[in-house]
Amino acid sequence: MKKRILLILSLVLILSMFLAACQPETQEAVQEAVEEVAEEVEEAVEEVEEEVAEEVEEEVAEETEEAAAAGPDLDPAEVAASLPREETVYIAGLQWSAVVGWNPYSSANNNAMGIAAGSNARVPIFETPYMYNMINGEQIPLLADGPWTWNDDMTEITFTLKDAAMWSDGTPVTAEDVAYTWATHVKYETTAGVGYGDYIDNVEAMDDKTVVVKAKLDEDGNAINPLLLKAYVSSEYVVQKAWTEILEARAGNDATALKEDPALDFVSSGPYTKFYDDDQKVVYIRDDNYWGQDASMWGALPVPKYLAHTIYADNNAGFLALKAGEVDVSQQFNANVQDLWLVDNLPISTWMEEAPYGLTASLPTAYFNLESFGLDNIAVRKAIAYAVDYDTIIANAMTNQSPTFDQVPRSVMNPTAGEQALYDQEAVADLQWVGNDIEGANAILDEAGIVDTDGDGWRELDGQKLSYNAVCPNGWSDWQAAMEIVAAAGEKIGIEITTLYPEWGVYQTVFVNGDQQEYDIFMVWSDGAGPTQPWGRVRQLMYGQFAETQGNWNGNWGGYINPRIDEIVNEIPSVTDQDRLVELYTEATEIYLTDIPSFTLMYRPDQFYTVNETIWTNYPSAEDGRNIPPMNLLDGFSIAGLYELELVNP
Amino acid sequence: MKHTIREIFHSPKFLVGFSIFMFILLVVIFYPLFVTAEPLEIIGKGTFFEPGIYVNVYDGVNSKQYTLNLDDAAEKRIASKLGDQERLDMQEWLLSFGIPEEEIDIYDTEKLIELWENNYDRSIRFPGMTSARQKYFGRLNTSLAGLLSTEGIVLAAENQETGELESTGIIEQTNYLNVGQVANVRVLPLGTDNFGRDMLTELVSATGTSLKIGFIAGSIATMIGLTLGLLAGYIGGWVDDIIMFFTNLFTVIPSIVLLILISYSIGQEQRGAVTVAVVIGFTSWVWTTRAVRAQVISLRHRDHVNLSKLSGHSVGHIIVHDILPYIASYVVMAFILQISSGILAEAGLSILGLGPKTTDVPTLGLMMNWAMIYSAHIMGKWWAYFPVIVVIALVSFSMNLMNTGLDQVFNPALRE
């Protein structure tokens, strides 16, 4: 008897494992499977001798009790363990390890789902006065009421705050909060304070609701960089003054202590707040008293009650979860993403249905280390850049998730229409190259007298063999594959290039040093879209002041110096005349394509955006005309997407 | 000696293992003579092309055309685009659109397509329909275009002078070509990998490299193990103590940990295939040492050894002439196992990203590593990883089989 029961039970177990492994496509299928198993368990249980049956029943009863008790008033840990799927949006690809803190003054919170200031500031918890929309470059009021205005000589930006804007503790957001946030950034030398300190003189409260951002002026009385004032209002969070004072008191006014404070007691103004986090997942809960439900802002609360991010071991784990419908919005590079709907027939989409699938805005770029032997020679740089097969990088490394250089010819601009209009394409057409030009590259080298003198198959310059490494962080798969293709190009033109993939932890300590000799050709991202672009990108690619600096996170990592570029970079921010602007950008592009201090390998989205419509639908997409950018439903104006979601099965 | 070898080849297990191994070895040696392509050459623009025969379309169009009148050709053509599932999906859309069910006959292709073409509107999204589904119908609609056409396709070429298209011919639906007559046909029996490389060519080359790594690692490990084991076992005393001290030290630390640490500290730039092989060799000699020492200790006081000692032979002479022959069979077996574990160790290291640098040579582990990075196992691109697993399994299976076969011959206790 017992043996038979054991047999039945193990059969049931195998069956349930089998069913679970089949990845049922719909909720019903799961339900069916569960019901089937449950039925069989019941049958089996009936056969079991009485005492055994009692035991089983007891256990089942216990479990049901536990499940039933999981109400909203319970411990967050228990709720987080089994979030109601129909009230939760799961995001993937942002958070790879446990959260460190919630401190808006710190840049080391490792709280990527919620806290990330910058061009497309992430606004579910803390909010900025304006939200940037990368699709059209607009700054849409969030805490602010209506558009901001310049004064007559472009040295001050004025905006007012919405009357409805409230902190999570019920007090209103005031101009004094905005001013005090800036004062704190400066006083404690935070990233924002240092970054904007040279350009913003002060942020002042004129009255309860009116804020003025004042620029630092040069000798002529003009703002040094009006662009950065414009950027400030959509890039940096507003933090409550009262809470900041508590934080300061706790830190004893010490800068390091203030920035290292995990700030678990933070007061914020955004629609979501901390709910639960450990090394497995991070969960935010909606603040149902959020001020934004006022008609002057969204007029409603965001749809999902919880935002959750499971911490996956690696890209593949996150990818599997997306396929299984456990992830709703994925910010991962998923190779061959189109197979998910073309082959697997899953309800998964990207921003666009056809290649390049996303809204590409940044330019992953390979820098030449100008200190490496031979790379200070323009012929060598040019030959390598000409020889690389970019079409293969885009088709194979990026699996076509980038436009080709035929479609968007190379320049310092990203592929968005706004930036492309900022330079004269005709004027630089002769300088642009499409790649895989082995003959051209060989000719350049031969002409420069860089030939293989000792017959070993590799070219020499002044008797020394040209041999380089091509470096990018380990595990960044599309970049790694791109570096392999760069290396393959080297072989074809007689320049030895080997790939090297150090861990990110090592990589980030080396490439930021201006005098490093370890990496010859190395990849770094570029600025994507933002209120200061493409000026910021020109500066990042070539600005002389960044060259040779230590701990350099600003740009020009190869150490390129050209006084004319510095002049252009200094001039552009105060230019308002469109023609002059195009002239300057065209000149910068010309210099960039002539001197080739670095070369772009592909275009890439600011954030990858793949959505699964198993639970939620009505996600923003390119075709819908809503102009909500594909930025995880979290960054800048992308958060509008959270107000538009609908359940697939309401 | 002759007798032993004959006996070995009479062992069925050894024979099977040996045949598999020789087959792999011969393929590795002879394949490059027939297929001269560079194993690391990127030929495909795109990732993971399926296994199959790739016929150049341009050459195909220009090669000799034959007319075959096959009855089921049109049917097959339609079925490839419009299967049962697609018909049901069309029905679903039409029903949602408001077409009465009795008007839809999903098995009357002509009527169904007509009904579809008259009603379908890409921009419609019914309540409850996901946008993924809406896009699916859009793609279905595109694939149906011209499905029922009986016309051929007109070929046209651009006139160099006027820039206008001029018709150069027609491809009828009944036209066929003979694959053998097309100038450019490339057979990719295992498709391509994520870089667009020919998987089979790469796999053969990788197997060769991996065997080399295994051989180098195995030789080093066996040499070290044998030397230390002989010295420790025969000389004994403090020499034994010192050697055993280090051996025990290495036994306690798992060799994979040592491997990882050493590989990591070498840095990728210096990690060629040979370096990795040497590192593997230097970390896996431990159990050979222990086993050889144990054997030697049991041999040390045999009569013939004592006799040799009395005859005044040197230690080296005794070890080489009186001890080594007795443990030779054992050493050969250990060597085979070391090769096999060397190959596995390389695969393990490469999967962790600590194998040889990738630009130089393909290895089995690196192929697995890249297939994983590009999610081949999740996307169902079996040809990118499964053949590699099979080769690794076959190599180590054949070696273990040979080892078991040898064991049966040499070990009297196991003799049948």
# chains A, B, ... in the order shown; residues from 1 in each chain; ligands from 1

call {"tool": "closest_atom_pairs", "arguments": {"of": "chain B", "to": "chain A", "cutoff": "7 Å", "atoms": "only C-alpha atoms", "output": "JSON lines"}}
result
{"residue": "B:Lys45", "atom": "CA", "partner": "A:Thr392", "partner_atom": "CA", "distance": 5.5}
{"residue": "B:Gly46", "atom": "CA", "partner": "A:Asn396", "partner_atom": "CA", "distance": 4.7}
{"residue": "B:Thr47", "atom": "CA", "partner": "A:Asn396", "partner_atom": "CA", "distance": 5.2}
{"residue": "B:Gly128", "atom": "CA", "partner": "A:Val648", "partner_atom": "CA", "distance": 6.0}
{"residue": "B:Thr130", "atom": "CA", "partner": "A:Thr617", "partner_atom": "CA", "distance": 6.0}
{"residue": "B:Ala132", "atom": "CA", "partner": "A:Pro347", "partner_atom": "CA", "distance": 5.1}
{"residue": "B:Arg133", "atom": "CA", "partner": "A:Pro347", "partner_atom": "CA", "distance": 6.7}
{"residue": "B:Asn194", "atom": "CA", "partner": "A:Asn396", "partner_atom": "CA", "distance": 6.4}
{"residue": "B:Phe195", "atom": "CA", "partner": "A:Asn396", "partner_atom": "CA", "distance": 5.6}
{"residue": "B:Gly196", "atom": "CA", "partner": "A:Asn396", "partner_atom": "CA", "distance": 6.9}
{"residue": "B:Gln268", "atom": "CA", "partner": "A:Leu500", "partner_atom": "CA", "distance": 6.1}
{"residue": "B:Glu269", "atom": "CA", "partner": "A:Leu500", "partner_atom": "CA", "distance": 6.1}
{"residue": "B:Thr359", "atom": "CA", "partner": "A:Thr498", "partner_atom": "CA", "distance": 6.1}
{"residue": "B:Ile373", "atom": "CA", "partner": "A:Ser477", "partner_atom": "CA", "distance": 6.2}
{"residue": "B:Tyr374", "atom": "CA", "partner": "A:Ala335", "partner_atom": "CA", "distance": 6.0}
{"residue": "B:Ser375", "atom": "CA", "partner": "A:Asn316", "partner_atom": "CA", "distance": 6.3}
{"residue": "B:Ile378", "atom": "CA", "partner": "A:Leu320", "partner_atom": "CA", "distance": 6.9}

call {"tool": "write_last_selection", "arguments": {"atoms": "C-alpha atoms", "output": "short mmCIF file (atom, residue, chain, number, x, y, z; two decimals), in the first residue's frame"}}
result
data_model
loop_
_atom_site.label_atom_id
_atom_site.label_comp_id
_atom_site.auth_asym_id
_atom_site.auth_seq_id
_atom_site.Cartn_x
_atom_site.Cartn_y
_atom_site.Cartn_z
CA LYS B 45 26.81 39.10 -41.50
CA GLY B 46 24.45 38.25 -38.71
CA THR B 47 24.47 35.75 -35.87
CA GLY B 128 -7.81 43.51 -24.92
CA THR B 130 -1.73 43.53 -26.96
CA ALA B 132 2.59 42.56 -29.78
CA ARG B 133 -0.46 40.78 -31.21
CA ASN B 194 27.55 34.57 -32.93
CA PHE B 195 30.44 36.09 -34.89
CA GLY B 196 29.20 34.61 -38.16
CA GLN B 268 44.55 37.75 -20.28
CA GLU B 269 47.17 39.34 -22.44
CA THR B 359 41.67 36.33 -30.88
CA ILE B 373 27.38 35.21 -23.77
CA TYR B 374 25.09 35.45 -26.78
CA SER B 375 22.36 33.40 -25.06
CA ILE B 378 18.16 30.40 -24.27
#

call {"tool": "select_by_dssp", "arguments": {"residues": "stretch 75-246 of chain B", "states": "strand (DSSP E or B)", "output": "VMD selection string"}}
result
chain B and resid 153 to 158 165 to 171 175 to 176 185 to 188 192 197 to 198

call {"tool": "residues_around", "arguments": {"residues": "A:Met523", "least_positions_apart": "6", "cutoff": "7 Å", "atoms": "only C-alpha atoms", "output": "MDAnalysis selection string"}}
result
chainID A and resid 364:367 471:472

call {"tool": "residues_around", "arguments": {"residues": "stretch 11-28 of chain B", "least_positions_apart": "2", "cutoff": "10 Å", "atoms": "only C-alpha atoms", "output": "mmCIF file with N, CA, C and O atoms, in the first residue's frame"}}
result
data_model
loop_
_atom_site.group_PDB
_atom_site.id
_atom_site.type_symbol
_atom_site.label_atom_id
_atom_site.label_comp_id
_atom_site.auth_asym_id
_atom_site.auth_seq_id
_atom_site.Cartn_x
_atom_site.Cartn_y
_atom_site.Cartn_z
ATOM 1 N N ARG B 6 48.782 -6.789 -28.459
ATOM 2 C CA ARG B 6 47.716 -7.585 -29.053
ATOM 3 C C ARG B 6 46.575 -7.755 -28.049
ATOM 4 O O ARG B 6 45.400 -7.632 -28.377
ATOM 5 N N GLU B 7 46.991 -7.993 -26.818
ATOM 6 C CA GLU B 7 45.978 -8.195 -25.780
ATOM 7 C C GLU B 7 45.139 -6.934 -25.585
ATOM 8 O O GLU B 7 43.919 -6.993 -25.460
ATOM 9 N N ILE B 8 45.845 -5.805 -25.604
ATOM 10 C CA ILE B 8 45.136 -4.528 -25.431
ATOM 11 C C ILE B 8 44.082 -4.353 -26.518
ATOM 12 O O ILE B 8 42.944 -4.008 -26.247
ATOM 13 N N PHE B 9 44.491 -4.662 -27.741
ATOM 14 C CA PHE B 9 43.547 -4.449 -28.838
ATOM 15 C C PHE B 9 42.465 -5.514 -28.910
ATOM 16 O O PHE B 9 41.569 -5.431 -29.716
ATOM 17 N N PHE B 30 42.831 15.700 -40.952
ATOM 18 C CA PHE B 30 42.559 15.724 -42.385
ATOM 19 C C PHE B 30 41.554 16.783 -42.830
ATOM 20 O O PHE B 30 41.566 17.201 -43.969
ATOM 21 N N TYR B 31 40.667 17.209 -41.927
ATOM 22 C CA TYR B 31 39.658 18.200 -42.317
ATOM 23 C C TYR B 31 40.287 19.459 -42.919
ATOM 24 O O TYR B 31 39.849 19.921 -43.976
ATOM 25 N N PRO B 32 41.315 20.014 -42.264
ATOM 26 C CA PRO B 32 41.888 21.254 -42.826
ATOM 27 C C PRO B 32 42.480 21.054 -44.215
ATOM 28 O O PRO B 32 42.654 22.008 -44.962
ATOM 29 N N LEU B 33 42.824 19.798 -44.588
ATOM 30 C CA LEU B 33 43.364 19.577 -45.925
ATOM 31 C C LEU B 33 42.282 19.762 -46.983
ATOM 32 O O LEU B 33 42.554 20.160 -48.103
ATOM 33 N N THR B 201 34.063 24.254 -39.148
ATOM 34 C CA THR B 201 35.487 24.520 -39.300
ATOM 35 C C THR B 201 36.096 24.971 -37.981
ATOM 36 O O THR B 201 37.174 24.530 -37.576
ATOM 37 N N LEU B 203 34.901 24.329 -35.022
ATOM 38 C CA LEU B 203 34.847 23.225 -34.068
ATOM 39 C C LEU B 203 36.021 22.276 -34.263
ATOM 40 O O LEU B 203 36.662 21.854 -33.290
ATOM 41 N N VAL B 204 36.327 21.952 -35.531
ATOM 42 C CA VAL B 204 37.441 21.034 -35.797
ATOM 43 C C VAL B 204 38.745 21.657 -35.317
ATOM 44 O O VAL B 204 39.547 21.016 -34.632
ATOM 45 N N SER B 205 38.907 22.929 -35.657
ATOM 46 C CA SER B 205 40.127 23.607 -35.244
ATOM 47 C C SER B 205 40.211 23.688 -33.721
ATOM 48 O O SER B 205 41.276 23.481 -33.127
ATOM 49 N N ALA B 206 39.075 23.949 -33.097
ATOM 50 C CA ALA B 206 39.048 24.053 -31.637
ATOM 51 C C ALA B 206 39.362 22.705 -31.000
ATOM 52 O O ALA B 206 40.065 22.635 -29.986
ATOM 53 N N THR B 207 38.846 21.629 -31.603
ATOM 54 C CA THR B 207 39.128 20.310 -31.058
ATOM 55 C C THR B 207 40.632 20.044 -31.097
ATOM 56 O O THR B 207 41.209 19.531 -30.135
ATOM 57 N N GLY B 208 41.250 20.431 -32.230
ATOM 58 C CA GLY B 208 42.697 20.270 -32.333
ATOM 59 C C GLY B 208 43.416 21.024 -31.224
ATOM 60 O O GLY B 208 44.291 20.466 -30.541
ATOM 61 N N THR B 209 43.034 22.283 -31.032
ATOM 62 C CA THR B 209 43.682 23.084 -30.000
ATOM 63 C C THR B 209 43.465 22.455 -28.630
ATOM 64 O O THR B 209 44.387 22.375 -27.816
ATOM 65 N N LEU B 211 42.855 19.360 -27.891
ATOM 66 C CA LEU B 211 43.654 18.139 -27.748
ATOM 67 C C LEU B 211 45.106 18.495 -27.430
ATOM 68 O O LEU B 211 45.756 17.865 -26.607
ATOM 69 N N VAL B 391 31.474 16.952 -28.576
ATOM 70 C CA VAL B 391 32.896 16.677 -28.809
ATOM 71 C C VAL B 391 33.636 16.527 -27.479
ATOM 72 O O VAL B 391 34.398 15.583 -27.292
ATOM 73 N N LEU B 394 32.674 13.234 -26.097
ATOM 74 C CA LEU B 394 33.256 12.105 -26.830
ATOM 75 C C LEU B 394 34.737 11.947 -26.514
ATOM 76 O O LEU B 394 35.213 10.831 -26.316
ATOM 77 N N VAL B 395 35.457 13.052 -26.492
ATOM 78 C CA VAL B 395 36.889 12.964 -26.228
ATOM 79 C C VAL B 395 37.122 12.355 -24.857
ATOM 80 O O VAL B 395 37.886 11.391 -24.705
ATOM 81 N N SER B 396 36.432 12.879 -23.858
ATOM 82 C CA SER B 396 36.747 12.356 -22.526
ATOM 83 C C SER B 396 36.153 10.961 -22.339
ATOM 84 O O SER B 396 36.728 10.130 -21.652
ATOM 85 N N PHE B 397 35.044 10.674 -23.019
ATOM 86 C CA PHE B 397 34.475 9.320 -22.955
ATOM 87 C C PHE B 397 35.433 8.317 -23.575
ATOM 88 O O PHE B 397 35.727 7.270 -22.993
ATOM 89 N N SER B 398 35.979 8.664 -24.766
ATOM 90 C CA SER B 398 36.854 7.700 -25.434
ATOM 91 C C SER B 398 38.095 7.454 -24.598
ATOM 92 O O SER B 398 38.579 6.321 -24.505
ATOM 93 N N MET B 399 38.608 8.505 -23.974
ATOM 94 C CA MET B 399 39.830 8.326 -23.178
ATOM 95 C C MET B 399 39.554 7.481 -21.944
ATOM 96 O O MET B 399 40.360 6.613 -21.576
ATOM 97 N N ASN B 400 38.421 7.730 -21.325
ATOM 98 C CA ASN B 400 38.098 6.927 -20.147
ATOM 99 C C ASN B 400 37.865 5.470 -20.523
ATOM 100 O O ASN B 400 38.222 4.563 -19.768
ATOM 101 N N LEU B 401 37.278 5.286 -21.702
ATOM 102 C CA LEU B 401 37.038 3.923 -22.168
ATOM 103 C C LEU B 401 38.368 3.203 -22.408
ATOM 104 O O LEU B 401 38.562 2.055 -21.992
ATOM 105 N N MET B 402 39.285 3.902 -23.063
ATOM 106 C CA MET B 402 40.614 3.314 -23.295
ATOM 107 C C MET B 402 41.272 2.964 -21.967
ATOM 108 O O MET B 402 41.883 1.905 -21.808
ATOM 109 N N ASN B 403 41.101 3.868 -21.036
ATOM 110 C CA ASN B 403 41.708 3.668 -19.723
ATOM 111 C C ASN B 403 41.154 2.423 -19.047
ATOM 112 O O ASN B 403 41.900 1.595 -18.522
ATOM 113 N N THR B 404 39.830 2.271 -19.118
ATOM 114 C CA THR B 404 39.209 1.104 -18.498
ATOM 115 C C THR B 404 39.676 -0.169 -19.200
ATOM 116 O O THR B 404 39.959 -1.186 -18.558
ATOM 117 N N GLY B 405 39.789 -0.071 -20.535
ATOM 118 C CA GLY B 405 40.256 -1.217 -21.299
ATOM 119 C C GLY B 405 41.663 -1.622 -20.879
ATOM 120 O O GLY B 405 41.944 -2.798 -20.622
ATOM 121 N N LEU B 406 42.539 -0.658 -20.759
ATOM 122 C CA LEU B 406 43.913 -0.914 -20.343
ATOM 123 C C LEU B 406 43.946 -1.524 -18.950
ATOM 124 O O LEU B 406 44.700 -2.462 -18.676
ATOM 125 N N ASP B 407 43.099 -0.971 -18.109
ATOM 126 C CA ASP B 407 43.041 -1.433 -16.732
ATOM 127 C C ASP B 407 42.731 -2.927 -16.693
ATOM 128 O O ASP B 407 43.346 -3.689 -15.956
ATOM 129 N N GLN B 408 41.774 -3.320 -17.536
ATOM 130 C CA GLN B 408 41.383 -4.733 -17.555
ATOM 131 C C GLN B 408 42.535 -5.614 -18.004
ATOM 132 O O GLN B 408 42.685 -6.738 -17.529
ATOM 133 N N VAL B 409 43.354 -5.093 -18.912
ATOM 134 C CA VAL B 409 44.469 -5.891 -19.407
ATOM 135 C C VAL B 409 45.586 -5.961 -18.363
ATOM 136 O O VAL B 409 46.126 -7.023 -18.057
#

call {"tool": "select_by_dssp", "arguments": {"residues": "stretch 58-220 of chain A", "states": "helix (DSSP H, G or I)", "output": "ChimeraX atom specification"}}
result
/A:58-68,76-81,85-87,175-187,191-197

call {"tool": "write_last_selection", "arguments": {"atoms": "C-alpha atoms", "output": "PDB file, in the first residue's frame"}}
result
ATOM      1  CA  GLU A  58      -2.468  19.845   8.505  1.00  0.00           C
ATOM      2  CA  GLU A  59       0.429  20.968   6.390  1.00  0.00           C
ATOM      3  CA  VAL A  60      -1.821  22.164   3.592  1.00  0.00           C
ATOM      4  CA  ALA A  61      -3.988  24.030   6.098  1.00  0.00           C
ATOM      5  CA  GLU A  62      -0.935  25.725   7.561  1.00  0.00           C
ATOM      6  CA  GLU A  63       0.234  26.850   4.160  1.00  0.00           C
ATOM      7  CA  THR A  64      -3.166  28.231   3.209  1.00  0.00           C
ATOM      8  CA  GLU A  65      -3.346  30.135   6.451  1.00  0.00           C
ATOM      9  CA  GLU A  66       0.010  31.699   5.749  1.00  0.00           C
ATOM     10  CA  ALA A  67      -0.982  32.659   2.240  1.00  0.00           C
ATOM     11  CA  ALA A  68      -4.298  34.118   3.306  1.00  0.00           C
ATOM     12  CA  PRO A  76       7.057  44.173   3.766  1.00  0.00           C
ATOM     13  CA  ALA A  77       9.402  41.191   3.561  1.00  0.00           C
ATOM     14  CA  GLU A  78       6.468  38.814   3.412  1.00  0.00           C
ATOM     15  CA  VAL A  79       4.555  40.891   0.905  1.00  0.00           C
ATOM     16  CA  ALA A  80       7.652  41.347  -1.211  1.00  0.00           C
ATOM     17  CA  ALA A  81       8.146  37.590  -1.260  1.00  0.00           C
ATOM     18  CA  ARG A  85       1.490  40.153 -10.042  1.00  0.00           C
ATOM     19  CA  GLU A  86      -1.332  42.299 -11.371  1.00  0.00           C
ATOM     20  CA  GLU A  87      -0.242  45.276  -9.295  1.00  0.00           C
ATOM     21  CA  ALA A 175      11.595  77.552  -3.531  1.00  0.00           C
ATOM     22  CA  GLU A 176      13.653  77.495  -0.357  1.00  0.00           C
ATOM     23  CA  ASP A 177      13.981  73.697  -0.736  1.00  0.00           C
ATOM     24  CA  VAL A 178      15.398  74.143  -4.249  1.00  0.00           C
ATOM     25  CA  ALA A 179      17.822  76.814  -3.092  1.00  0.00           C
ATOM     26  CA  TYR A 180      18.932  74.841  -0.048  1.00  0.00           C
ATOM     27  CA  THR A 181      19.512  71.716  -2.156  1.00  0.00           C
ATOM     28  CA  TRP A 182      21.950  73.669  -4.310  1.00  0.00           C
ATOM     29  CA  ALA A 183      23.638  75.196  -1.274  1.00  0.00           C
ATOM     30  CA  THR A 184      24.092  71.713   0.158  1.00  0.00           C
ATOM     31  CA  HIS A 185      25.562  70.388  -3.087  1.00  0.00           C
ATOM     32  CA  VAL A 186      28.114  73.189  -3.055  1.00  0.00           C
ATOM     33  CA  LYS A 187      28.872  73.074   0.654  1.00  0.00           C
ATOM     34  CA  THR A 191      29.088  65.310  -7.691  1.00  0.00           C
ATOM     35  CA  ALA A 192      26.456  67.837  -8.706  1.00  0.00           C
ATOM     36  CA  GLY A 193      28.095  70.609  -6.700  1.00  0.00           C
ATOM     37  CA  VAL A 194      31.457  70.014  -8.339  1.00  0.00           C
ATOM     38  CA  GLY A 195      30.004  69.427 -11.800  1.00  0.00           C
ATOM     39  CA  TYR A 196      27.917  72.588 -11.926  1.00  0.00           C
ATOM     40  CA  GLY A 197      29.964  74.701  -9.507  1.00  0.00           C
TER      41      GLY A 197
END

call {"tool": "residues_around", "arguments": {"residues": "stretch 167-169 of chain A", "least_positions_apart": "6", "cutoff": "9 Å", "atoms": "only C-alpha atoms", "output": "ChimeraX atom specification"}}
result
/A:240,267-271,273,287,289-291
